[in-house]
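Have a look at the structure below before the remarks.
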Amino acid sequence: MSALQTLAAETGVHGSVGSIGYGLAAIGPGVGVGIIFGNGTQALARQPEAAGLIRANQILGFAFCEALALIGIVMPFVFGK
């Protein structure tokens, strides 16, 4: 049984392909947020006098990453049955 047939079999019993797709799509923003705040913390430790600028850039990057997650939530509904 191929992966596509297995995925098609899952749609009838346990949900839709969109929910599986969103689960996979949520990985990217999760990794992105971790990188943003990890590197922001390192930057604050190296240059504490630039805390305002660093924090503003962290919040902006976080908003962009979360926008990708929200788009991932909406797309199964837009292209769904």
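Residue numbers start at 1 in each chain; chains themselves are named A, B, ... in the order of the structure tokens; ligands are numbered from 1 in the order shown.
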Within 12 Å of Thr41 (chain A) using only C-alpha atoms, minus same-chain residues under 6 positions, as a JSON list (two decimals) with all heavy atoms, in the first residue's frame:
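Output file selection_38.json is given in full below:
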```json
[["chain", "number", "residue", "atom", "x", "y", "z"],
["A", 34, "GLY", "N", 11.45, 29.25, 17.77],
["A", 34, "GLY", "CA", 12.57, 28.82, 18.61],
["A", 34, "GLY", "C", 13.88, 29.47, 18.20],
["A", 34, "GLY", "O", 14.66, 29.90, 19.05],
["A", 35, "ILE", "N", 14.12, 29.56, 16.91],
["A", 35, "ILE", "CA", 15.34, 30.19, 16.42],
["A", 35, "ILE", "C", 15.34, 31.68, 16.75],
["A", 35, "ILE", "O", 16.35, 32.24, 17.19],
["A", 35, "ILE", "CB", 15.51, 29.95, 14.91],
["A", 35, "ILE", "CG1", 15.84, 28.48, 14.66],
["A", 35, "ILE", "CG2", 16.59, 30.85, 14.32],
["A", 35, "ILE", "CD1", 15.82, 28.09, 13.19],
["A", 47, "GLN", "N", 25.00, 42.02, 23.89],
["A", 47, "GLN", "CA", 24.90, 43.47, 23.78],
["A", 47, "GLN", "C", 23.65, 43.97, 24.50],
["A", 47, "GLN", "O", 22.63, 44.29, 23.88],
["A", 47, "GLN", "CB", 24.84, 43.85, 22.30],
["A", 47, "GLN", "CG", 25.61, 45.08, 21.99],
["A", 47, "GLN", "CD", 25.72, 45.27, 20.50],
["A", 47, "GLN", "OE1", 25.05, 44.62, 19.70],
["A", 47, "GLN", "NE2", 26.58, 46.19, 20.11],
["A", 48, "PRO", "N", 23.69, 44.05, 25.81],
["A", 48, "PRO", "CA", 22.49, 44.41, 26.57],
["A", 48, "PRO", "C", 22.01, 45.84, 26.31],
["A", 48, "PRO", "O", 20.83, 46.14, 26.50],
["A", 48, "PRO", "CB", 22.89, 44.24, 28.03],
["A", 48, "PRO", "CG", 24.30, 43.84, 28.05],
["A", 48, "PRO", "CD", 24.79, 43.69, 26.67],
["A", 50, "ALA", "N", 21.49, 47.21, 23.54],
["A", 50, "ALA", "CA", 20.62, 47.23, 22.37],
["A", 50, "ALA", "C", 19.34, 46.44, 22.61],
["A", 50, "ALA", "O", 18.72, 45.95, 21.68],
["A", 50, "ALA", "CB", 21.36, 46.67, 21.17],
["A", 51, "ALA", "N", 18.92, 46.34, 23.87],
["A", 51, "ALA", "CA", 17.77, 45.49, 24.22],
["A", 51, "ALA", "C", 16.49, 45.94, 23.53],
["A", 51, "ALA", "O", 15.72, 45.10, 23.07],
["A", 51, "ALA", "CB", 17.57, 45.50, 25.73],
["A", 54, "ILE", "N", 16.61, 44.90, 19.77],
["A", 54, "ILE", "CA", 16.58, 43.44, 19.64],
["A", 54, "ILE", "C", 15.18, 42.92, 19.95],
["A", 54, "ILE", "O", 14.64, 42.08, 19.23],
["A", 54, "ILE", "CB", 17.64, 42.80, 20.55],
["A", 54, "ILE", "CG1", 19.04, 43.16, 20.06],
["A", 54, "ILE", "CG2", 17.46, 41.28, 20.61],
["A", 54, "ILE", "CD1", 20.14, 42.81, 21.04],
["A", 55, "ARG", "N", 14.57, 43.43, 21.01],
["A", 55, "ARG", "CA", 13.24, 42.96, 21.40],
["A", 55, "ARG", "C", 12.20, 43.31, 20.33],
["A", 55, "ARG", "O", 11.32, 42.51, 20.02],
["A", 55, "ARG", "CB", 12.84, 43.56, 22.74],
["A", 55, "ARG", "CG", 11.61, 42.94, 23.30],
["A", 55, "ARG", "CD", 11.37, 43.33, 24.75],
["A", 55, "ARG", "NE", 12.42, 42.81, 25.62],
["A", 55, "ARG", "CZ", 13.25, 43.59, 26.34],
["A", 55, "ARG", "NH1", 13.12, 44.90, 26.32],
["A", 55, "ARG", "NH2", 14.17, 43.05, 27.10],
["A", 57, "ASN", "N", 12.74, 43.61, 17.12],
["A", 57, "ASN", "CA", 12.95, 42.69, 16.00],
["A", 57, "ASN", "C", 12.46, 41.28, 16.32],
["A", 57, "ASN", "O", 11.96, 40.58, 15.44],
["A", 57, "ASN", "CB", 14.42, 42.66, 15.60],
["A", 57, "ASN", "CG", 14.83, 43.91, 14.87],
["A", 57, "ASN", "OD1", 14.01, 44.57, 14.23],
["A", 57, "ASN", "ND2", 16.10, 44.27, 14.97],
["A", 58, "GLN", "N", 12.59, 40.87, 17.58],
["A", 58, "GLN", "CA", 12.07, 39.56, 17.97],
["A", 58, "GLN", "C", 10.55, 39.52, 17.83],
["A", 58, "GLN", "O", 10.01, 38.54, 17.32],
["A", 58, "GLN", "CB", 12.41, 39.28, 19.44],
["A", 58, "GLN", "CG", 13.77, 38.73, 19.68],
["A", 58, "GLN", "CD", 13.96, 38.42, 21.15],
["A", 58, "GLN", "OE1", 13.52, 39.15, 22.02],
["A", 58, "GLN", "NE2", 14.62, 37.30, 21.42]]
```
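For the choices A:Val33, A:Ala3, A:Val78, A:Leu44, the atom-to-atom distance to Gly61 (chain A) is smallest for A:Val33 when using only C-alpha atoms.
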Have a look at A:Glu66, A:Pro29, A:Leu53, A:Gly21 and name the one nearest to Phe79 (chain A); count only C-alpha atoms.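 Among A:Glu66, A:Pro29, A:Leu53, A:Gly21, it is A:Gly21 that comes nearest to Phe79 (chain A).
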Taking only C-alpha atoms into account, name the residue in A:Gly38, A:Gly30, A:Gly52, A:Gly23 that is nearest to Ile73 (chain A). A:Gly23
Considering only C-alpha atoms, state which residue in the set A:Thr6, A:Ala25, A:Ile59, A:Ile20 is at the smallest distance from Ile71 (chain A). A:Ala25
